file structure_37.cif (mmCIF, C-alpha atoms (C1' of nucleotides))
data_entry
loop_
_atom_site.label_atom_id
_atom_site.label_comp_id
_atom_site.auth_asym_id
_atom_site.auth_seq_id
_atom_site.Cartn_x
_atom_site.Cartn_y
_atom_site.Cartn_z
CA MET A 1 117.13 149.18 88.76
CA SER A 2 113.94 147.30 88.07
CA TRP A 3 111.59 149.76 86.31
CA GLU A 4 108.69 147.40 86.33
CA PHE A 5 105.33 148.89 86.98
CA ASP A 6 102.25 147.75 88.77
CA ALA A 7 99.50 148.20 86.23
CA ASN A 8 97.04 149.02 88.97
CA ARG A 9 98.67 152.18 90.26
CA PRO A 10 99.51 155.40 88.44
CA ILE A 11 102.94 155.21 86.88
CA TYR A 12 103.91 158.71 87.94
CA LEU A 13 103.43 157.70 91.59
CA GLN A 14 105.62 154.66 91.13
CA LEU A 15 108.21 156.79 89.43
CA MET A 16 108.16 159.14 92.41
CA GLU A 17 108.77 156.23 94.76
CA GLN A 18 111.66 154.88 92.74
CA LEU A 19 113.24 158.30 92.50
CA LYS A 20 112.89 158.74 96.24
CA ILE A 21 114.60 155.39 96.76
CA ASN A 22 117.43 156.49 94.48
CA ILE A 23 117.84 159.60 96.59
CA ILE A 24 117.69 157.71 99.87
CA THR A 25 120.16 155.06 98.83
CA GLY A 26 122.61 157.61 97.46
CA ILE A 27 122.30 156.60 93.83
CA TYR A 28 121.40 160.24 93.40
CA PRO A 29 123.57 161.94 96.07
CA PRO A 30 122.58 165.26 97.67
CA GLY A 31 123.23 168.19 95.37
CA SER A 32 123.95 165.98 92.38
CA LYS A 33 122.48 166.43 88.94
CA ILE A 34 120.01 163.83 87.81
CA PRO A 35 119.42 162.79 84.19
CA SER A 36 117.21 164.94 82.00
CA VAL A 37 113.50 164.40 81.67
CA ARG A 38 113.97 162.87 78.26
CA ASP A 39 116.78 160.55 79.35
CA LEU A 40 114.87 159.35 82.39
CA ALA A 41 111.78 158.79 80.28
CA MET A 42 113.83 156.82 77.80
CA GLU A 43 115.54 154.78 80.52
CA THR A 44 112.26 153.87 82.20
CA GLY A 45 110.27 153.42 79.03
CA VAL A 46 107.58 155.95 79.90
CA ASN A 47 106.37 159.00 78.09
CA PRO A 48 108.34 162.19 78.84
CA ASN A 49 105.14 163.84 80.05
CA THR A 50 104.67 161.16 82.66
CA MET A 51 108.23 161.51 83.89
CA GLN A 52 107.82 165.27 83.90
CA ARG A 53 104.85 164.91 86.16
CA ALA A 54 106.73 162.72 88.64
CA LEU A 55 109.63 165.18 88.74
CA THR A 56 107.36 168.18 89.15
CA GLU A 57 105.66 166.54 92.11
CA LEU A 58 109.02 165.78 93.73
CA GLU A 59 109.93 169.41 93.29
CA ARG A 60 106.78 170.40 95.06
CA GLU A 61 108.03 168.23 97.93
CA ASN A 62 111.35 170.08 97.80
CA LEU A 63 113.35 166.94 97.17
CA LEU A 64 114.47 168.25 93.80
CA TYR A 65 114.97 171.64 92.26
CA SER A 66 115.52 172.64 88.67
CA GLN A 67 117.72 175.22 87.00
CA ARG A 68 115.91 176.47 83.98
CA THR A 69 118.24 175.19 81.27
CA ASN A 70 120.94 173.47 83.21
CA GLY A 71 119.19 170.45 84.60
CA ARG A 72 117.60 169.10 87.74
CA PHE A 73 119.29 168.52 91.07
CA VAL A 74 118.79 166.67 94.32
CA THR A 75 118.29 168.85 97.39
CA GLU A 76 121.46 169.60 99.34
CA ASP A 77 119.56 169.24 102.59
CA GLU A 78 120.90 165.93 103.88
CA ASN A 79 118.76 166.09 106.95
CA MET A 80 115.66 166.20 104.79
CA ILE A 81 116.84 163.01 103.13
CA LYS A 82 117.41 161.27 106.44
CA VAL A 83 113.94 162.25 107.54
CA LEU A 84 112.60 160.89 104.27
CA GLN A 85 114.22 157.53 104.90
CA LYS A 86 112.93 157.29 108.42
CA ASN A 87 109.43 158.27 107.35
CA LEU A 88 109.35 155.74 104.55
CA ALA A 89 110.55 152.95 106.81
CA GLU A 90 108.15 153.75 109.62
CA GLN A 91 105.23 154.19 107.28
CA GLN A 92 105.81 150.84 105.65
CA ILE A 93 106.25 149.07 108.94
CA LYS A 94 103.02 150.49 110.26
CA GLU A 95 101.21 149.47 107.11
CA PHE A 96 102.67 146.03 107.48
CA ILE A 97 101.55 145.68 111.08
CA ALA A 98 98.08 146.86 110.17
CA ASN A 99 97.91 144.29 107.39
CA MET A 100 99.02 141.45 109.62
CA LYS A 101 96.56 142.49 112.28
CA THR A 102 93.76 142.52 109.73
CA ILE A 103 94.58 139.04 108.56
CA GLY A 104 94.48 137.93 112.16
CA LEU A 105 98.07 137.17 113.09
CA LYS A 106 99.30 137.78 116.62
CA ARG A 107 102.53 139.48 117.66
CA GLN A 108 104.59 136.36 118.14
CA GLU A 109 103.31 134.81 114.93
CA ILE A 110 104.31 137.89 113.00
CA ILE A 111 107.81 137.94 114.45
CA ASP A 112 108.33 134.22 113.90
CA LEU A 113 107.08 134.25 110.33
CA LEU A 114 109.16 137.29 109.53
CA ALA A 115 112.28 135.85 111.13
CA ASN A 116 111.88 132.69 109.08
CA LEU A 117 111.43 134.48 105.79
CA LEU A 118 114.34 136.76 106.64
CA GLN A 119 116.55 133.67 106.92
CA GLU A 120 115.51 132.42 103.50
CA GLY A 121 116.23 135.58 101.56
CA GLU A 122 119.90 136.42 101.94
CA ILE A 123 119.86 139.72 103.77
CA LYS A 124 122.86 140.64 105.89
CA MET B 1 84.55 147.69 108.68
CA SER B 2 86.34 150.69 107.29
CA TRP B 3 85.22 151.02 103.64
CA GLU B 4 87.65 153.74 102.86
CA PHE B 5 89.27 153.63 99.49
CA ASP B 6 92.68 154.52 98.22
CA ALA B 7 91.98 156.83 95.32
CA ASN B 8 95.05 155.51 93.53
CA ARG B 9 93.93 151.94 93.07
CA PRO B 10 90.84 150.52 91.37
CA ILE B 11 87.96 150.28 93.79
CA TYR B 12 86.92 146.85 92.61
CA LEU B 13 90.34 145.48 93.60
CA GLN B 14 90.05 147.03 97.03
CA LEU B 15 86.58 145.58 97.37
CA MET B 16 87.98 142.16 96.50
CA GLU B 17 90.62 142.50 99.21
CA GLN B 18 88.12 143.55 101.84
CA LEU B 19 85.79 140.72 100.94
CA LYS B 20 88.67 138.27 101.15
CA ILE B 21 89.51 139.61 104.60
CA ASN B 22 85.90 139.14 105.64
CA ILE B 23 86.09 135.55 104.50
CA ILE B 24 89.41 134.90 106.18
CA THR B 25 88.40 136.40 109.48
CA GLY B 26 85.12 134.53 109.53
CA ILE B 27 82.88 137.57 109.21
CA TYR B 28 81.58 135.67 106.21
CA PRO B 29 81.86 132.03 107.36
CA PRO B 30 82.30 129.14 104.91
CA GLY B 31 79.05 128.29 103.18
CA SER B 32 77.25 131.36 104.49
CA LYS B 33 75.19 133.69 102.41
CA ILE B 34 76.60 137.13 101.86
CA PRO B 35 74.54 140.29 101.31
CA SER B 36 73.12 141.00 97.86
CA VAL B 37 74.98 143.01 95.27
CA ARG B 38 72.71 145.96 95.88
CA ASP B 39 73.04 145.82 99.66
CA LEU B 40 76.81 145.53 99.52
CA ALA B 41 76.98 148.39 97.06
CA MET B 42 74.80 150.49 99.33
CA GLU B 43 76.82 149.59 102.42
CA THR B 44 80.13 150.45 100.80
CA GLY B 45 78.88 153.45 98.90
CA VAL B 46 79.93 152.23 95.48
CA ASN B 47 77.96 151.66 92.32
CA PRO B 48 76.29 148.24 92.06
CA ASN B 49 78.21 147.61 88.85
CA THR B 50 81.51 148.07 90.64
CA MET B 51 80.49 145.69 93.41
CA GLN B 52 79.22 143.26 90.82
CA ARG B 53 82.61 143.27 89.20
CA ALA B 54 84.42 142.54 92.47
CA LEU B 55 82.07 139.66 93.22
CA THR B 56 82.35 138.21 89.75
CA GLU B 57 86.12 138.20 90.02
CA LEU B 58 85.96 136.44 93.38
CA GLU B 59 83.74 133.85 91.80
CA ARG B 60 86.30 133.30 89.12
CA GLU B 61 88.72 132.57 91.96
CA ASN B 62 86.22 130.07 93.38
CA LEU B 63 85.96 131.87 96.69
CA LEU B 64 82.29 132.58 96.09
CA TYR B 65 79.52 130.98 94.12
CA SER B 66 76.08 132.26 93.23
CA GLN B 67 72.69 130.65 93.03
CA ARG B 68 70.75 132.31 90.28
CA THR B 69 67.99 133.92 92.28
CA ASN B 70 68.81 132.92 95.82
CA GLY B 71 71.94 134.81 96.59
CA ARG B 72 75.70 134.47 96.79
CA PHE B 73 77.63 132.19 99.09
CA VAL B 74 81.11 131.69 100.47
CA THR B 75 82.84 128.51 99.39
CA GLU B 76 82.43 125.55 101.74
CA ASP B 77 86.02 124.55 101.14
CA GLU B 78 87.64 125.52 104.44
CA ASN B 79 91.01 124.37 103.28
CA MET B 80 90.88 126.82 100.42
CA ILE B 81 90.27 129.58 102.93
CA LYS B 82 93.22 128.54 105.07
CA VAL B 83 95.42 128.54 102.00
CA LEU B 84 94.12 131.97 101.17
CA GLN B 85 95.11 133.27 104.58
CA LYS B 86 98.56 131.79 104.39
CA ASN B 87 99.11 133.15 100.91
CA LEU B 88 98.02 136.63 101.86
CA ALA B 89 100.24 136.66 104.92
CA GLU B 90 103.28 135.34 103.11
CA GLN B 91 102.79 137.64 100.18
CA GLN B 92 102.62 140.69 102.40
CA ILE B 93 105.61 139.67 104.44
CA LYS B 94 107.68 139.19 101.32
CA GLU B 95 106.62 142.55 100.01
CA PHE B 96 107.55 144.04 103.34
CA ILE B 97 110.99 142.49 103.36
CA ALA B 98 111.60 143.65 99.81
CA ASN B 99 110.60 147.18 100.78
CA MET B 100 112.87 147.27 103.80
CA LYS B 101 115.74 145.89 101.78
CA THR B 102 115.21 148.57 99.15
CA ILE B 103 115.30 151.32 101.73
CA GLY B 104 118.53 149.89 103.00
CA LEU B 105 117.70 148.34 106.37
CA LYS B 106 119.54 145.23 107.55
CA ARG B 107 118.00 142.13 109.10
CA GLN B 108 118.54 143.07 112.71
CA GLU B 109 117.38 146.64 112.14
CA ILE B 110 114.16 145.38 110.63
CA ILE B 111 113.47 143.03 113.52
CA ASP B 112 114.27 145.64 116.14
CA LEU B 113 112.20 148.36 114.53
CA LEU B 114 109.28 146.00 114.06
CA ALA B 115 109.48 144.70 117.60
CA ASN B 116 109.41 148.25 118.92
CA LEU B 117 106.43 149.30 116.87
CA LEU B 118 104.66 146.07 117.80
CA GLN B 119 104.99 147.06 121.45
CA GLU B 120 103.43 150.47 120.84
CA GLY B 121 100.33 149.26 119.03
CA GLU B 122 98.38 147.00 121.34
CA ILE B 123 98.51 143.67 119.57
CA LYS B 124 98.25 140.53 121.68
"C1'" DA C 1 126.79 183.99 67.04
"C1'" DT C 2 125.22 179.39 66.55
"C1'" DT C 3 123.84 174.98 68.25
"C1'" DA C 4 122.34 171.61 71.29
"C1'" DT C 5 120.25 170.66 75.48
"C1'" DT C 6 117.36 171.84 79.13
"C1'" DG C 7 112.78 172.46 81.44
"C1'" DT C 8 108.17 173.57 80.32
"C1'" DA C 9 103.56 173.89 78.02
"C1'" DT C 10 99.79 172.53 74.94
"C1'" DT C 11 96.47 169.86 72.41
"C1'" DA C 12 94.45 165.59 71.05
"C1'" DA C 13 93.45 160.86 71.43
"C1'" DC C 14 93.09 156.36 73.77
"C1'" DT C 15 92.23 153.34 77.70
"C1'" DG C 16 90.41 151.53 82.03
"C1'" DC C 17 87.64 152.57 86.04
"C1'" DT C 18 83.49 154.26 87.66
"C1'" DT C 19 78.90 155.84 87.71
"C1'" DA C 20 74.21 156.06 85.97
"C1'" DA C 21 70.06 154.30 84.40
"C1'" DT C 22 67.76 150.60 83.02
"C1'" DA C 23 66.13 146.05 81.74
"C1'" DC C 24 65.54 141.02 81.92
"C1'" DA C 25 65.16 136.23 83.80
"C1'" DA C 26 64.69 133.15 87.51
"C1'" DT C 27 62.75 131.82 91.77
"C1'" DA C 28 61.89 132.18 96.80
"C1'" DA C 29 58.31 134.07 99.53
"C1'" DT C 30 53.64 135.33 99.99
"C1'" DA D 1 49.32 133.15 90.88
"C1'" DT D 2 51.55 137.30 92.28
"C1'" DT D 3 55.27 139.87 94.18
"C1'" DA D 4 59.69 140.95 95.65
"C1'" DT D 5 64.35 139.86 95.44
"C1'" DT D 6 68.12 137.90 93.25
"C1'" DG D 7 71.99 137.79 89.81
"C1'" DT D 8 73.03 139.46 85.37
"C1'" DA D 9 73.52 142.36 81.11
"C1'" DT D 10 73.62 146.61 78.34
"C1'" DT D 11 74.49 151.25 76.86
"C1'" DA D 12 76.13 155.76 77.64
"C1'" DA D 13 78.73 159.16 79.86
"C1'" DG D 14 82.57 161.21 82.58
"C1'" DC D 15 87.14 161.24 84.51
"C1'" DA D 16 92.09 160.36 85.35
"C1'" DG D 17 96.21 158.56 83.70
"C1'" DT D 18 98.93 157.91 79.81
"C1'" DT D 19 100.81 158.45 75.34
"C1'" DA D 20 101.83 161.13 71.27
"C1'" DA D 21 103.42 164.92 68.78
"C1'" DT D 22 104.87 169.28 69.00
"C1'" DA D 23 106.41 173.83 70.27
"C1'" DC D 24 108.70 177.46 72.93
"C1'" DA D 25 112.19 179.80 75.95
"C1'" DA D 26 116.46 179.90 78.20
"C1'" DT D 27 121.25 179.07 78.38
"C1'" DA D 28 125.47 176.16 78.49
"C1'" DA D 29 128.65 174.63 75.15
"C1'" DT D 30 130.87 175.32 70.87
#
call {"tool": "encode", "arguments": {"input": "structure_37.cif", "output": "structure tokens"}}
result
Amino acid sequence: MSWEFDANRPIYLQLMEQLKINIITGIYPPGSKIPSVRDLAMETGVNPNTMQRALTELERENLLYSQRTNGRFVTEDENMIKVLQKNLAEQQIKEFIANMKTIGLKRQEIIDLLANLLQEGEIK
Amino acid sequence: MSWEFDANRPIYLQLMEQLKINIITGIYPPGSKIPSVRDLAMETGVNPNTMQRALTELERENLLYSQRTNGRFVTEDENMIKVLQKNLAEQQIKEFIANMKTIGLKRQEIIDLLANLLQEGEIK
DNA sequence: ATTATTGTATTAACTGCTTAATACAATAAT
DNA sequence: ATTATTGTATTAAGCAGTTAATACAATAAT
């Protein structure tokens, strides 16, 4: 896990993203208990209040739920998680296309450039 | 021009990006005079101080230069602009790849998904 | 029963971003 | 010469995000 923050965006939002990724990738499996507010805050180097905020927001999105004194858990709804993954992917791709379009690259240029850079980085 | 701002990132940074885009795409050609601080602030609906900050930063990057009482101009260095475009494109592609990798998509999945979405949106 | 751990809430202070309201200096335009 | 426009600078205020330092309530663990 990286836990590096972009100084230009609220930390609690970045925490939310990272936590979502951990859910999507199965680091935090459906129904599993996640670390406590204090532990997560410690691990990420942020103030407990900030972590609390991120977790509260994720609860509002029904991705987490808390049991008063027992801890916090990932939703058991696996379908919801799949939808989350698909949404994230599609959203980022659309953003990407919009960006490329703005810069003035055409379809083929985008594909070529991407294919090249995909070769460099070692992705399966 | 859109001039809509993401509330989660400093406006002056977003202004810088938009101005860079305007330079790259030739809306502000090399050597041309750009609108005054006050006009730009008016047009974008931000405070003159905020616009001033964005412009000052772009000057520090040598993309703009100002003549004391005459106005502000885009650099004449066309090569610098080309480099800017390439950097922006490459940077965003790398970000994109990193994002996709994080979500857990493989090379071929990325290419396929992108190709599909590129068909939908009407890009040449 | 007692203890430790959990989520939750509160209050204060600090910082960076933004807006507001001006003011000044230089010079192109008239 | 005068005027309008330009970039630039200053000071104050407000807000959101963040940190800090606590405190409380509930309950699992002992």
call {"tool": "calpha_fit_and_write", "arguments": {"input": "structure_37.cif", "fixed": "chain B", "moving": "chain A", "output": "tab-separated table (two decimals) with C-alpha atoms, in the coordinates of the input"}}
result
chain	number	residue	atom	x	y	z
A	1	MET	CA	84.60	147.68	108.80
A	2	SER	CA	86.44	150.64	107.38
A	3	TRP	CA	85.32	150.96	103.73
A	4	GLU	CA	87.75	153.69	102.96
A	5	PHE	CA	89.37	153.59	99.60
A	6	ASP	CA	92.76	154.47	98.28
A	7	ALA	CA	92.05	156.81	95.41
A	8	ASN	CA	95.07	155.52	93.55
A	9	ARG	CA	93.97	151.93	93.12
A	10	PRO	CA	90.88	150.52	91.43
A	11	ILE	CA	88.02	150.27	93.87
A	12	TYR	CA	86.95	146.84	92.67
A	13	LEU	CA	90.38	145.47	93.63
A	14	GLN	CA	90.11	146.98	97.09
A	15	LEU	CA	86.65	145.55	97.43
A	16	MET	CA	88.02	142.13	96.53
A	17	GLU	CA	90.65	142.43	99.24
A	18	GLN	CA	88.17	143.47	101.89
A	19	LEU	CA	85.83	140.66	100.96
A	20	LYS	CA	88.69	138.19	101.14
A	21	ILE	CA	89.54	139.50	104.61
A	22	ASN	CA	85.92	139.04	105.66
A	23	ILE	CA	86.09	135.45	104.47
A	24	ILE	CA	89.42	134.78	106.15
A	25	THR	CA	88.41	136.27	109.47
A	26	GLY	CA	85.11	134.41	109.52
A	27	ILE	CA	82.89	137.46	109.19
A	28	TYR	CA	81.59	135.59	106.19
A	29	PRO	CA	81.84	131.93	107.33
A	30	PRO	CA	82.26	129.06	104.84
A	31	GLY	CA	79.01	128.22	103.10
A	32	SER	CA	77.23	131.29	104.42
A	33	LYS	CA	75.18	133.68	102.36
A	34	ILE	CA	76.61	137.12	101.84
A	35	PRO	CA	74.55	140.29	101.32
A	36	SER	CA	73.16	141.03	97.89
A	37	VAL	CA	75.01	143.06	95.31
A	38	ARG	CA	72.77	146.02	95.95
A	39	ASP	CA	73.09	145.84	99.74
A	40	LEU	CA	76.86	145.53	99.60
A	41	ALA	CA	77.05	148.42	97.17
A	42	MET	CA	74.89	150.49	99.46
A	43	GLU	CA	76.90	149.55	102.55
A	44	THR	CA	80.22	150.42	100.92
A	45	GLY	CA	78.99	153.46	99.06
A	46	VAL	CA	80.03	152.24	95.62
A	47	ASN	CA	78.05	151.75	92.47
A	48	PRO	CA	76.36	148.33	92.17
A	49	ASN	CA	78.26	147.71	88.94
A	50	THR	CA	81.56	148.12	90.73
A	51	MET	CA	80.54	145.73	93.48
A	52	GLN	CA	79.27	143.31	90.86
A	53	ARG	CA	82.65	143.33	89.25
A	54	ALA	CA	84.45	142.56	92.51
A	55	LEU	CA	82.08	139.69	93.24
A	56	THR	CA	82.36	138.27	89.74
A	57	GLU	CA	86.14	138.23	90.02
A	58	LEU	CA	85.96	136.44	93.38
A	59	GLU	CA	83.73	133.87	91.76
A	60	ARG	CA	86.29	133.34	89.09
A	61	GLU	CA	88.70	132.57	91.93
A	62	ASN	CA	86.18	130.08	93.31
A	63	LEU	CA	85.92	131.83	96.65
A	64	LEU	CA	82.26	132.58	96.05
A	65	TYR	CA	79.48	131.01	94.05
A	66	SER	CA	76.07	132.32	93.17
A	67	GLN	CA	72.65	130.73	92.94
A	68	ARG	CA	70.77	132.44	90.21
A	69	THR	CA	68.02	134.07	92.25
A	70	ASN	CA	68.80	133.00	95.75
A	71	GLY	CA	71.95	134.89	96.53
A	72	ARG	CA	75.70	134.50	96.75
A	73	PHE	CA	77.61	132.19	99.04
A	74	VAL	CA	81.08	131.64	100.43
A	75	THR	CA	82.81	128.46	99.30
A	76	GLU	CA	82.39	125.50	101.65
A	77	ASP	CA	85.98	124.49	101.04
A	78	GLU	CA	87.59	125.44	104.35
A	79	ASN	CA	90.96	124.28	103.21
A	80	MET	CA	90.85	126.74	100.35
A	81	ILE	CA	90.25	129.49	102.89
A	82	LYS	CA	93.17	128.41	105.03
A	83	VAL	CA	95.39	128.42	101.99
A	84	LEU	CA	94.12	131.89	101.16
A	85	GLN	CA	95.10	133.17	104.58
A	86	LYS	CA	98.54	131.67	104.43
A	87	ASN	CA	99.12	133.03	100.94
A	88	LEU	CA	98.03	136.51	101.88
A	89	ALA	CA	100.25	136.56	104.95
A	90	GLU	CA	103.30	135.22	103.17
A	91	GLN	CA	102.83	137.50	100.21
A	92	GLN	CA	102.61	140.57	102.39
A	93	ILE	CA	105.60	139.58	104.45
A	94	LYS	CA	107.70	139.06	101.36
A	95	GLU	CA	106.62	142.41	99.99
A	96	PHE	CA	107.52	143.96	103.29
A	97	ILE	CA	110.98	142.42	103.35
A	98	ALA	CA	111.58	143.54	99.79
A	99	ASN	CA	110.56	147.07	100.69
A	100	MET	CA	112.82	147.21	103.72
A	101	LYS	CA	115.70	145.82	101.71
A	102	THR	CA	115.17	148.47	99.06
A	103	ILE	CA	115.23	151.24	101.59
A	104	GLY	CA	118.47	149.83	102.89
A	105	LEU	CA	117.65	148.37	106.29
A	106	LYS	CA	119.48	145.29	107.54
A	107	ARG	CA	117.95	142.23	109.17
A	108	GLN	CA	118.50	143.26	112.76
A	109	GLU	CA	117.32	146.80	112.10
A	110	ILE	CA	114.12	145.49	110.61
A	111	ILE	CA	113.42	143.19	113.54
A	112	ASP	CA	114.20	145.87	116.11
A	113	LEU	CA	112.10	148.54	114.44
A	114	LEU	CA	109.23	146.14	114.02
A	115	ALA	CA	109.43	144.91	117.60
A	116	ASN	CA	109.32	148.49	118.83
A	117	LEU	CA	106.33	149.47	116.75
A	118	LEU	CA	104.59	146.25	117.75
A	119	GLN	CA	104.90	147.33	121.39
A	120	GLU	CA	103.31	150.69	120.70
A	121	GLY	CA	100.21	149.45	118.93
A	122	GLU	CA	98.30	147.20	121.30
A	123	ILE	CA	98.41	143.83	119.60
A	124	LYS	CA	98.13	140.72	121.75
call {"tool": "resolve_selection", "arguments": {"input": "structure_37.cif", "expression": "the PyMOL selection byres ((chain B) within 12 of (chain C))", "output": "list in words"}}
result
Ala7, Asn8, Arg9, Pro10, Ile11, Tyr12, Leu13, Gly45, Val46, Asn47, Pro48, Asn49, Thr50, Met51, Arg53, Gln67, Arg68, Thr69, Asn70 and Gly71 of chain B
call {"tool": "interface_residues", "arguments": {"input": "structure_37.cif", "of": "chain D", "to": "chain B", "cutoff": "10 Å", "atoms": "all atoms listed in the file", "output": "PyMOL selection string"}}
result
chain D and resi 5-8+16
call {"tool": "closest_residue", "arguments": {"input": "structure_37.cif", "among": "A:Ile93, A:Glu120, A:Leu15, A:Glu57", "to": "chain B", "atoms": "all atoms listed in the file"}}
result
A:Ile93
call {"tool": "atom_distance", "arguments": {"input": "structure_37.cif", "atom1": "CA of Leu84 (chain A)", "atom2": "CA of Ile103 (chain B)"}}
result
10.3 Å
call {"tool": "resolve_selection", "arguments": {"input": "structure_37.cif", "expression": "the PyMOL selection byres ((chain A) within 7 of (chain B))", "output": "NGL selection string"}}
result
:A and (8-10 or 21 or 25 or 89 or 93 or 96 or 100 or 103-104 or 106-107 or 114 or 118 or 123-124)
call {"tool": "axis_aligned_box", "arguments": {"input": "structure_37.cif", "around": "region 12-18 of chain D", "padding_each_side": "5 Å", "output": "lines of an AutoDock Vina configuration file"}}
result
center_x = 87.5
center_y = 158.5
center_z = 81.5
size_x = 32.8
size_y = 15.5
size_z = 17.7
call {"tool": "atom_distance", "arguments": {"input": "structure_37.cif", "atom1": "CA of Thr56 (chain A)", "atom2": "C1' of DT27 (chain D)"}}
result
20.7 Å
call {"tool": "atom_distance", "arguments": {"input": "structure_37.cif", "atom1": "CA of Asp6 (chain B)", "atom2": "C1' of DT11 (chain D)"}}
result
28.2 Å
call {"tool": "resolve_selection", "arguments": {"input": "structure_37.cif", "expression": "the PyMOL selection byres ((chain A and resi 31) around 10)", "output": "mmCIF file with C-alpha atoms, in the frame of the given file"}}
result
data_model
loop_
_atom_site.group_PDB
_atom_site.id
_atom_site.type_symbol
_atom_site.label_atom_id
_atom_site.label_comp_id
_atom_site.auth_asym_id
_atom_site.auth_seq_id
_atom_site.Cartn_x
_atom_site.Cartn_y
_atom_site.Cartn_z
ATOM 1 C CA TYR A 28 121.400 160.240 93.400
ATOM 2 C CA PRO A 29 123.570 161.940 96.070
ATOM 3 C CA PRO A 30 122.580 165.260 97.670
ATOM 4 C CA SER A 32 123.950 165.980 92.380
ATOM 5 C CA LYS A 33 122.480 166.430 88.940
ATOM 6 C CA ILE A 34 120.010 163.830 87.810
ATOM 7 C CA LEU A 64 114.470 168.250 93.800
ATOM 8 C CA TYR A 65 114.970 171.640 92.260
ATOM 9 C CA ARG A 72 117.600 169.100 87.740
ATOM 10 C CA PHE A 73 119.290 168.520 91.070
ATOM 11 C CA VAL A 74 118.790 166.670 94.320
ATOM 12 C CA THR A 75 118.290 168.850 97.390
ATOM 13 C CA GLU A 76 121.460 169.600 99.340
ATOM 14 C CA ASP A 77 119.560 169.240 102.590
ATOM 15 C CA GLU A 78 120.900 165.930 103.880
#
